[in-house]
>>> print(open('data.cif').read())   # mmCIF, C-alpha atoms
data_entry
#
loop_
_atom_site.label_atom_id
_atom_site.label_comp_id
_atom_site.auth_asym_id
_atom_site.auth_seq_id
_atom_site.Cartn_x
_atom_site.Cartn_y
_atom_site.Cartn_z
CA ASP A 1 -17.33 -20.85 12.75
CA THR A 2 -13.84 -22.18 12.12
CA GLY A 3 -12.30 -18.79 11.45
CA VAL A 4 -10.22 -17.72 8.47
CA SER A 5 -7.70 -20.37 7.37
CA GLN A 6 -4.55 -19.73 5.39
CA ASP A 7 -2.26 -22.28 3.82
CA PRO A 8 0.65 -22.72 3.98
CA ARG A 9 1.76 -21.04 7.20
CA HIS A 10 5.32 -20.69 5.97
CA LYS A 11 6.83 -20.80 2.50
CA ILE A 12 10.49 -20.57 1.55
CA THR A 13 11.16 -20.24 -2.14
CA LYS A 14 14.02 -19.41 -4.42
CA ARG A 15 14.04 -16.14 -6.27
CA GLY A 16 12.32 -16.48 -9.62
CA GLN A 17 9.97 -19.27 -8.57
CA ASN A 18 6.19 -18.96 -8.52
CA VAL A 19 4.23 -19.39 -5.30
CA THR A 20 0.53 -19.69 -4.55
CA PHE A 21 -1.24 -19.11 -1.25
CA ARG A 22 -4.74 -20.13 -0.29
CA CYS A 23 -7.29 -18.47 1.98
CA ASP A 24 -10.53 -20.01 3.22
CA PRO A 25 -12.79 -17.31 4.70
CA ILE A 26 -15.57 -17.71 7.22
CA SER A 27 -18.32 -19.39 5.23
CA GLU A 28 -20.99 -16.71 5.46
CA HIS A 29 -18.57 -13.83 4.78
CA ASN A 30 -18.99 -12.49 1.26
CA ARG A 31 -15.98 -10.16 1.23
CA LEU A 32 -12.39 -11.34 1.23
CA TYR A 33 -9.25 -9.21 1.48
CA TRP A 34 -5.53 -9.74 0.96
CA TYR A 35 -2.90 -7.69 2.78
CA ARG A 36 0.89 -7.71 2.92
CA GLN A 37 2.76 -6.98 6.12
CA THR A 38 6.50 -6.48 6.48
CA LEU A 39 8.27 -6.72 9.83
CA GLY A 40 7.33 -3.94 12.22
CA GLN A 41 4.88 -2.31 9.82
CA GLY A 42 1.13 -2.15 9.52
CA PRO A 43 -0.58 -4.33 6.90
CA GLU A 44 -0.89 -2.87 3.41
CA PHE A 45 -3.95 -3.54 1.31
CA LEU A 46 -3.47 -5.58 -1.86
CA THR A 47 -6.91 -6.51 -3.19
CA TYR A 48 -10.41 -7.54 -2.21
CA PHE A 49 -13.37 -9.51 -3.51
CA GLN A 50 -17.09 -9.44 -3.03
CA ASN A 51 -18.18 -12.98 -3.78
CA GLU A 52 -16.21 -13.85 -6.94
CA ALA A 53 -15.83 -10.28 -8.20
CA GLN A 54 -12.50 -8.53 -7.60
CA LEU A 55 -13.61 -5.03 -6.60
CA GLU A 56 -10.36 -3.22 -6.01
CA LYS A 57 -6.61 -3.69 -6.47
CA SER A 58 -3.85 -1.65 -4.90
CA ARG A 59 -1.11 -0.22 -7.07
CA LEU A 60 1.15 -2.38 -4.86
CA LEU A 61 -0.25 -5.36 -6.75
CA SER A 62 2.19 -5.53 -9.65
CA ASP A 63 1.67 -7.62 -12.76
CA ARG A 64 3.47 -10.48 -11.04
CA PHE A 65 0.64 -10.76 -8.51
CA SER A 66 -2.73 -12.25 -9.30
CA ALA A 67 -5.63 -13.17 -7.07
CA GLU A 68 -8.74 -15.19 -7.72
CA ARG A 69 -11.86 -16.23 -5.90
CA PRO A 70 -13.45 -18.49 -8.51
CA LYS A 71 -16.63 -19.61 -6.75
CA GLY A 72 -16.93 -16.88 -4.18
CA SER A 73 -15.56 -19.14 -1.47
CA PHE A 74 -11.79 -19.68 -1.07
CA SER A 75 -9.25 -17.39 -2.70
CA THR A 76 -5.74 -17.85 -4.06
CA LEU A 77 -2.94 -15.32 -4.32
CA GLU A 78 -0.19 -16.15 -6.80
CA ILE A 79 3.16 -14.42 -7.07
CA GLN A 80 5.11 -15.11 -10.23
CA ARG A 81 8.88 -14.75 -10.59
CA THR A 82 9.34 -13.99 -6.90
CA GLU A 83 11.83 -11.34 -5.80
CA GLN A 84 13.51 -10.86 -2.44
CA GLY A 85 11.35 -7.82 -1.88
CA ASP A 86 8.29 -10.06 -1.88
CA SER A 87 9.39 -11.54 1.45
CA ALA A 88 6.61 -10.63 3.89
CA MET A 89 3.61 -11.93 5.77
CA TYR A 90 0.55 -12.25 3.53
CA LEU A 91 -2.65 -11.84 5.48
CA CYS A 92 -6.17 -12.75 4.45
CA ALA A 93 -9.30 -11.38 6.07
CA SER A 94 -13.00 -11.79 5.48
CA SER A 95 -16.01 -9.71 6.44
CA TYR A 96 -19.81 -9.61 6.46
CA ARG A 97 -22.28 -6.90 7.24
CA ASN A 98 -23.92 -7.93 10.47
CA ARG A 99 -24.81 -5.02 12.73
CA GLY A 100 -21.94 -3.18 11.14
CA TRP A 101 -18.86 -4.38 9.33
CA GLY A 102 -16.37 -6.58 11.12
CA TYR A 103 -13.19 -8.10 9.74
CA THR A 104 -11.67 -11.42 10.79
CA PHE A 105 -8.06 -12.21 9.97
CA GLY A 106 -6.28 -15.48 9.31
CA SER A 107 -2.91 -16.37 10.79
CA GLY A 108 -1.10 -15.40 7.60
CA THR A 109 1.41 -17.00 5.26
CA ARG A 110 5.02 -15.99 5.86
CA LEU A 111 6.95 -15.92 2.60
CA THR A 112 10.72 -15.93 2.52
CA VAL A 113 12.43 -15.52 -0.85
CA VAL A 114 16.06 -16.62 -0.85
CA ALA B 1 -6.79 8.78 0.18
CA GLN B 2 -7.46 8.02 3.80
CA THR B 3 -4.46 7.92 6.11
CA VAL B 4 -4.05 6.62 9.65
CA THR B 5 -1.24 7.82 11.89
CA GLN B 6 0.00 6.31 15.13
CA SER B 7 2.58 8.67 16.57
CA GLN B 8 3.86 6.39 19.33
CA PRO B 9 6.10 3.61 17.98
CA GLU B 10 6.51 2.16 21.48
CA MET B 11 4.75 2.51 24.79
CA SER B 12 5.44 0.96 28.15
CA VAL B 13 3.09 0.45 31.10
CA GLN B 14 3.37 -1.10 34.51
CA GLU B 15 1.18 -4.10 35.16
CA ALA B 16 -2.22 -3.04 36.61
CA GLU B 17 -1.76 0.54 35.42
CA THR B 18 -3.59 2.38 32.63
CA VAL B 19 -2.15 3.29 29.25
CA THR B 20 -3.51 5.27 26.29
CA LEU B 21 -2.50 4.67 22.69
CA SER B 22 -3.03 7.49 20.20
CA CYS B 23 -4.37 7.42 16.67
CA THR B 24 -5.35 10.13 14.22
CA TYR B 25 -6.82 9.72 10.78
CA ASP B 26 -7.68 11.79 7.78
CA THR B 27 -10.87 11.41 5.77
CA SER B 28 -13.47 13.50 4.01
CA GLU B 29 -16.19 10.93 4.65
CA SER B 30 -18.80 11.22 7.38
CA ASP B 31 -19.71 7.53 7.66
CA TYR B 32 -16.91 5.13 8.48
CA TYR B 33 -15.61 2.61 10.99
CA LEU B 34 -12.57 2.70 13.23
CA PHE B 35 -10.86 -0.29 14.79
CA TRP B 36 -8.10 -1.26 17.15
CA TYR B 37 -6.41 -4.56 16.44
CA LYS B 38 -3.91 -6.43 18.61
CA GLN B 39 -1.16 -8.53 17.05
CA PRO B 40 0.92 -10.61 19.48
CA PRO B 41 4.34 -11.74 18.20
CA SER B 42 3.95 -14.26 15.37
CA ARG B 43 0.24 -14.50 15.97
CA GLN B 44 -2.83 -13.37 14.14
CA MET B 45 -4.52 -10.00 14.20
CA ILE B 46 -7.27 -9.89 16.80
CA LEU B 47 -10.02 -7.27 16.97
CA VAL B 48 -9.92 -5.36 20.24
CA ILE B 49 -12.65 -2.79 19.74
CA ARG B 50 -14.71 -1.14 16.99
CA GLN B 51 -16.38 2.25 16.69
CA GLU B 52 -18.97 3.37 14.16
CA ALA B 53 -18.50 7.04 13.28
CA TYR B 54 -22.22 7.81 13.47
CA LYS B 55 -22.31 6.75 17.12
CA GLN B 56 -21.44 9.50 19.56
CA GLN B 57 -21.02 7.10 22.45
CA ASN B 58 -17.50 5.78 22.90
CA ALA B 59 -17.15 2.00 22.55
CA THR B 60 -16.03 -0.10 25.51
CA GLU B 61 -15.05 -3.74 25.80
CA ASN B 62 -14.20 -4.79 29.32
CA ARG B 63 -10.81 -3.19 30.13
CA PHE B 64 -10.59 -1.52 26.72
CA SER B 65 -12.27 1.77 25.83
CA VAL B 66 -11.86 4.42 23.18
CA ASN B 67 -11.98 8.19 23.11
CA PHE B 68 -13.48 9.03 19.73
CA GLN B 69 -13.24 12.70 18.77
CA LYS B 70 -14.83 12.94 15.33
CA ALA B 71 -14.18 16.62 14.72
CA ALA B 72 -10.54 16.22 15.70
CA LYS B 73 -10.28 12.92 13.79
CA SER B 74 -8.77 11.27 16.82
CA PHE B 75 -9.36 7.73 18.07
CA SER B 76 -7.35 6.74 21.14
CA LEU B 77 -7.39 3.41 22.96
CA LYS B 78 -7.31 3.20 26.74
CA ILE B 79 -6.28 -0.04 28.39
CA SER B 80 -7.12 -0.21 32.08
CA ASP B 81 -5.62 -2.64 34.61
CA SER B 82 -2.93 -3.66 32.12
CA GLN B 83 -1.98 -7.33 32.09
CA LEU B 84 1.13 -9.11 30.85
CA GLY B 85 -0.97 -10.65 28.07
CA ASP B 86 -1.71 -7.18 26.70
CA ALA B 87 1.86 -6.91 25.41
CA ALA B 88 1.65 -6.82 21.62
CA MET B 89 1.60 -4.56 18.57
CA TYR B 90 -1.55 -2.48 18.42
CA PHE B 91 -2.85 -1.20 15.11
CA CYS B 92 -5.43 1.47 14.54
CA ALA B 93 -7.45 0.99 11.34
CA TYR B 94 -10.10 2.78 9.28
CA SER B 95 -12.66 1.53 6.79
CA GLU B 96 -15.76 2.63 4.92
CA ALA B 97 -18.65 0.12 4.97
CA GLY B 98 -16.86 -3.10 4.11
CA ASN B 99 -14.17 -1.62 1.93
CA MET B 100 -10.55 -2.33 2.71
CA LEU B 101 -8.96 -1.47 6.02
CA THR B 102 -6.31 1.24 6.12
CA PHE B 103 -3.86 0.65 8.98
CA GLY B 104 -1.58 2.87 10.96
CA GLY B 105 2.05 1.97 11.50
CA GLY B 106 1.42 0.37 14.87
CA THR B 107 2.41 0.90 18.50
CA ARG B 108 4.41 -1.72 20.35
CA LEU B 109 3.08 -2.02 23.90
CA MET B 110 5.33 -3.45 26.58
CA VAL B 111 3.92 -4.40 29.98
CA LYS B 112 6.31 -4.43 32.91
CA PRO B 113 5.65 -6.85 35.78
#
>>> encode(input="data.cif", output="structure tokens")
Amino acid sequence: DTGVSQDPRHKITKRGQNVTFRCDPISEHNRLYWYRQTLGQGPEFLTYFQNEAQLEKSRLLSDRFSAERPKGSFSTLEIQRTEQGDSAMYLCASSYRNRGWGYTFGSGTRLTVV
Amino acid sequence: AQTVTQSQPEMSVQEAETVTLSCTYDTSESDYYLFWYKQPPSRQMILVIRQEAYKQQNATENRFSVNFQKAAKSFSLKISDSQLGDAAMYFCAYSEAGNMLTFGGGTRLMVKP
């Protein structure tokens, strides 16, 4: 069990550029979640997958955001035409039903839009 | 929609003392899970303790325990024998059977030596 991995750890981009983040969940976990966290706030749900199916999307996920989990393993989160308001920590978590649901988080990708 | 409220933005405790962090939530469901997560500065979210709503017994994990009051929709975290390493943001969270987590706004815990 290597935990949930996120890449990159930090990303600085210019406004208007596209960025893509990757999340590798724990291998036996079939559910994968994306959250956004701004400084001093609790994480906000963006979207989640069960295997390769995207089950739910938050209204926070505008048309500029897209997420995929093509083979039910790793996932990518793309932000197109970044805005300064997109600056945040993007967290990935995965879960599996084993004597109740548990969620394991990655270290996050910190995005700064300049 | 479910909501989670943490009414204490900051708490402070003396090392070796006990502190209780408060959390209330709103739901119409009867089967759900509640969590406390710890987030040290610039570090990842770590699960502290978990409670299944169908279990009447309060969860405990070493120095950490919860007071789960289902009827009152209250889920407080007690940290006994506080240590300097307990200093962090603490988030209360709610979920229903593998669906997304809904987080509270967090409580910053400071531990004084």
>>> interface_residues(input="data.cif", of="chain B", to="chain A", cutoff="6 Å", atoms="all atoms listed in the file", output="PDB file with C-alpha atoms, keeping the file's coordinate frame")
ATOM      1  CA  GLN B  44      -2.830 -13.370  14.140  1.00  0.00           C
ATOM      2  CA  MET B  45      -4.520 -10.000  14.200  1.00  0.00           C
ATOM      3  CA  GLY B  98     -16.860  -3.100   4.110  1.00  0.00           C
ATOM      4  CA  PHE B 103      -3.860   0.650   8.980  1.00  0.00           C
ATOM      5  CA  GLY B 104      -1.580   2.870  10.960  1.00  0.00           C
ATOM      6  CA  GLY B 105       2.050   1.970  11.500  1.00  0.00           C
ATOM      7  CA  GLY B 106       1.420   0.370  14.870  1.00  0.00           C
TER       8      GLY B 106
END
>>> closest_residue(input="data.cif", among="B:Ala16, B:Ser80, B:Glu96, B:Thr24", to="Glu52 (chain B)", atoms="all atoms listed in the file")
B:Glu96
>>> residues_around(input="data.cif", residues="region 19-29 of chain A", least_positions_apart="2", cutoff="6 Å", atoms="only C-alpha atoms", output="ChimeraX atom specification")
/A:3-7,31,74-79,94-96
>>> atom_distance(input="data.cif", atom1="CA of Lys38 (chain B)", atom2="CA of Ala53 (chain B)")
20.6 Å
>>> residues_around(input="data.cif", residues="Phe68 (chain B)", least_positions_apart="6", cutoff="8 Å", atoms="all atoms listed in the file", output="list in words")
Gln51, Gln56, Asn58, Ser74, Phe75 and Ser76 of chain B
>>> residues_around(input="data.cif", residues="region 83-91 of chain B", least_positions_apart="3", cutoff="6 Å", atoms="only C-alpha atoms", output="JSON, numbers by chain")
{"B": [15, 36, 37, 38, 39, 40, 104, 106, 107, 108, 109, 110, 111]}
>>> resolve_selection(input="data.cif", expression="the PyMOL selection byres ((chain B and resi 3) around 7)", output="PyMOL selection string")
chain B and resi 1-2+4-5+25-26+102
>>> write_last_selection(input="data.cif", atoms="C-alpha atoms", output="JSON list (two decimals), keeping the file's coordinate frame")
[["chain", "number", "residue", "atom", "x", "y", "z"],
["B", 1, "ALA", "CA", -6.79, 8.78, 0.18],
["B", 2, "GLN", "CA", -7.46, 8.02, 3.80],
["B", 4, "VAL", "CA", -4.05, 6.62, 9.65],
["B", 5, "THR", "CA", -1.24, 7.82, 11.89],
["B", 25, "TYR", "CA", -6.82, 9.72, 10.78],
["B", 26, "ASP", "CA", -7.68, 11.79, 7.78],
["B", 102, "THR", "CA", -6.31, 1.24, 6.12]]
>>> closest_residue(input="data.cif", among="A:Gln80, A:Gln37, A:Thr109, A:Asn51", to="Arg64 (chain A)", atoms="only C-alpha atoms")
A:Gln80
>>> residues_around(input="data.cif", residues="Gln17 (chain A)", least_positions_apart="2", cutoff="6 Å", atoms="all atoms listed in the file", output="ChimeraX atom specification")
/A:14-15,81-82
>>> atom_distance(input="data.cif", atom1="CA of Ser95 (chain B)", atom2="CA of Leu34 (chain B)")
6.5 Å
>>> residues_near_point(input="data.cif", point="(-13.6, -6.0, 23.8)", cutoff="8 Å", atoms="all atoms listed in the file", output="VMD selection string")
chain B and resid 47 to 49 60 to 64
>>> residues_around(input="data.cif", residues="Phe35 (chain B)", least_positions_apart="4", cutoff="6 Å", atoms="all atoms listed in the file", output="MDAnalysis selection string")
chainID B and resid 49:50 92:93
>>> atom_distance(input="data.cif", atom1="CA of Leu77 (chain B)", atom2="CA of Ser28 (chain B)")
22.3 Å
>>> axis_aligned_box(input="data.cif", around="region 87-90 of chain B", padding_each_side="8 Å", output="lines of an AutoDock Vina configuration file")
center_x = 0.2
center_y = -4.7
center_z = 21.9
size_x = 19.4
size_y = 20.4
size_z = 23.0
>>> closest_residue(input="data.cif", among="A:Glu83, A:Glu52, A:Glu68, A:Asp63", to="Ile12 (chain A)", atoms="all atoms listed in the file")
A:Glu83
>>> decode(input="data.cif", residues="region 87-99 of chain B", atoms="all heavy atoms", output="compact mmCIF listing (two decimals), in the first residue's frame")
# COMPACT_ATOMS: atom_id res chain seq x y z
N ALA B 87 -1.02 19.72 17.29
CA ALA B 87 -1.33 21.03 16.71
C ALA B 87 -1.56 20.89 15.21
O ALA B 87 -0.72 20.36 14.48
CB ALA B 87 -0.19 22.00 16.97
N ALA B 88 -2.72 21.33 14.75
CA ALA B 88 -3.10 21.17 13.35
C ALA B 88 -4.49 21.75 13.15
O ALA B 88 -5.14 22.20 14.10
CB ALA B 88 -3.13 19.68 12.96
N MET B 89 -4.95 21.73 11.89
CA MET B 89 -6.37 21.97 11.60
C MET B 89 -7.10 20.63 11.73
O MET B 89 -6.60 19.60 11.25
CB MET B 89 -6.55 22.50 10.18
CG MET B 89 -6.18 23.94 9.99
SD MET B 89 -7.32 25.08 10.80
CE MET B 89 -8.78 24.92 9.77
N TYR B 90 -8.25 20.68 12.37
CA TYR B 90 -9.08 19.49 12.50
C TYR B 90 -10.41 19.73 11.77
O TYR B 90 -11.08 20.74 11.97
CB TYR B 90 -9.34 19.17 13.98
CG TYR B 90 -8.13 18.57 14.65
CD1 TYR B 90 -7.10 19.39 15.11
CD2 TYR B 90 -8.00 17.20 14.79
CE1 TYR B 90 -5.97 18.84 15.71
CE2 TYR B 90 -6.87 16.65 15.39
CZ TYR B 90 -5.86 17.48 15.83
OH TYR B 90 -4.75 16.93 16.42
N PHE B 91 -10.73 18.76 10.92
CA PHE B 91 -11.96 18.85 10.14
C PHE B 91 -12.90 17.72 10.51
O PHE B 91 -12.50 16.55 10.54
CB PHE B 91 -11.66 18.78 8.64
CG PHE B 91 -10.91 19.98 8.12
CD1 PHE B 91 -9.54 19.92 7.94
CD2 PHE B 91 -11.58 21.14 7.80
CE1 PHE B 91 -8.84 21.02 7.46
CE2 PHE B 91 -10.91 22.25 7.31
CZ PHE B 91 -9.53 22.18 7.14
N CYS B 92 -14.14 18.07 10.73
CA CYS B 92 -15.21 17.11 10.90
C CYS B 92 -15.81 16.87 9.52
O CYS B 92 -15.92 17.81 8.71
CB CYS B 92 -16.25 17.69 11.86
SG CYS B 92 -17.69 16.68 12.18
N ALA B 93 -16.18 15.62 9.23
CA ALA B 93 -16.72 15.32 7.90
C ALA B 93 -17.81 14.26 8.00
O ALA B 93 -17.82 13.43 8.91
CB ALA B 93 -15.60 14.85 6.97
N TYR B 94 -18.68 14.29 7.01
CA TYR B 94 -19.87 13.41 6.94
C TYR B 94 -19.90 12.73 5.58
O TYR B 94 -19.54 13.35 4.56
CB TYR B 94 -21.11 14.29 7.13
CG TYR B 94 -22.42 13.65 6.76
CD1 TYR B 94 -23.28 13.16 7.74
CD2 TYR B 94 -22.83 13.55 5.43
CE1 TYR B 94 -24.50 12.60 7.41
CE2 TYR B 94 -24.04 12.97 5.09
CZ TYR B 94 -24.87 12.50 6.08
OH TYR B 94 -26.08 11.93 5.74
N SER B 95 -20.33 11.47 5.56
CA SER B 95 -20.56 10.83 4.26
C SER B 95 -21.64 9.76 4.40
O SER B 95 -21.93 9.29 5.50
CB SER B 95 -19.28 10.20 3.70
OG SER B 95 -19.04 8.94 4.30
N GLU B 96 -22.18 9.38 3.27
CA GLU B 96 -23.15 8.29 3.18
C GLU B 96 -22.57 7.19 2.31
O GLU B 96 -22.46 7.37 1.12
CB GLU B 96 -24.48 8.78 2.60
CG GLU B 96 -25.17 9.82 3.47
CD GLU B 96 -26.21 10.61 2.71
OE1 GLU B 96 -26.58 10.18 1.59
OE2 GLU B 96 -26.63 11.66 3.20
N ALA B 97 -22.13 6.09 2.94
CA ALA B 97 -21.75 4.85 2.24
C ALA B 97 -20.92 5.06 0.99
O ALA B 97 -21.33 4.65 -0.09
CB ALA B 97 -23.00 4.06 1.92
N GLY B 98 -19.78 5.71 1.12
CA GLY B 98 -18.87 5.81 0.00
C GLY B 98 -19.12 6.98 -0.92
O GLY B 98 -18.35 7.21 -1.87
N ASN B 99 -20.16 7.73 -0.66
CA ASN B 99 -20.36 8.96 -1.42
C ASN B 99 -19.37 10.02 -0.94
O ASN B 99 -18.56 9.77 -0.05
CB ASN B 99 -21.79 9.46 -1.27
CG ASN B 99 -22.78 8.52 -1.94
OD1 ASN B 99 -22.42 7.75 -2.82
ND2 ASN B 99 -24.02 8.57 -1.50
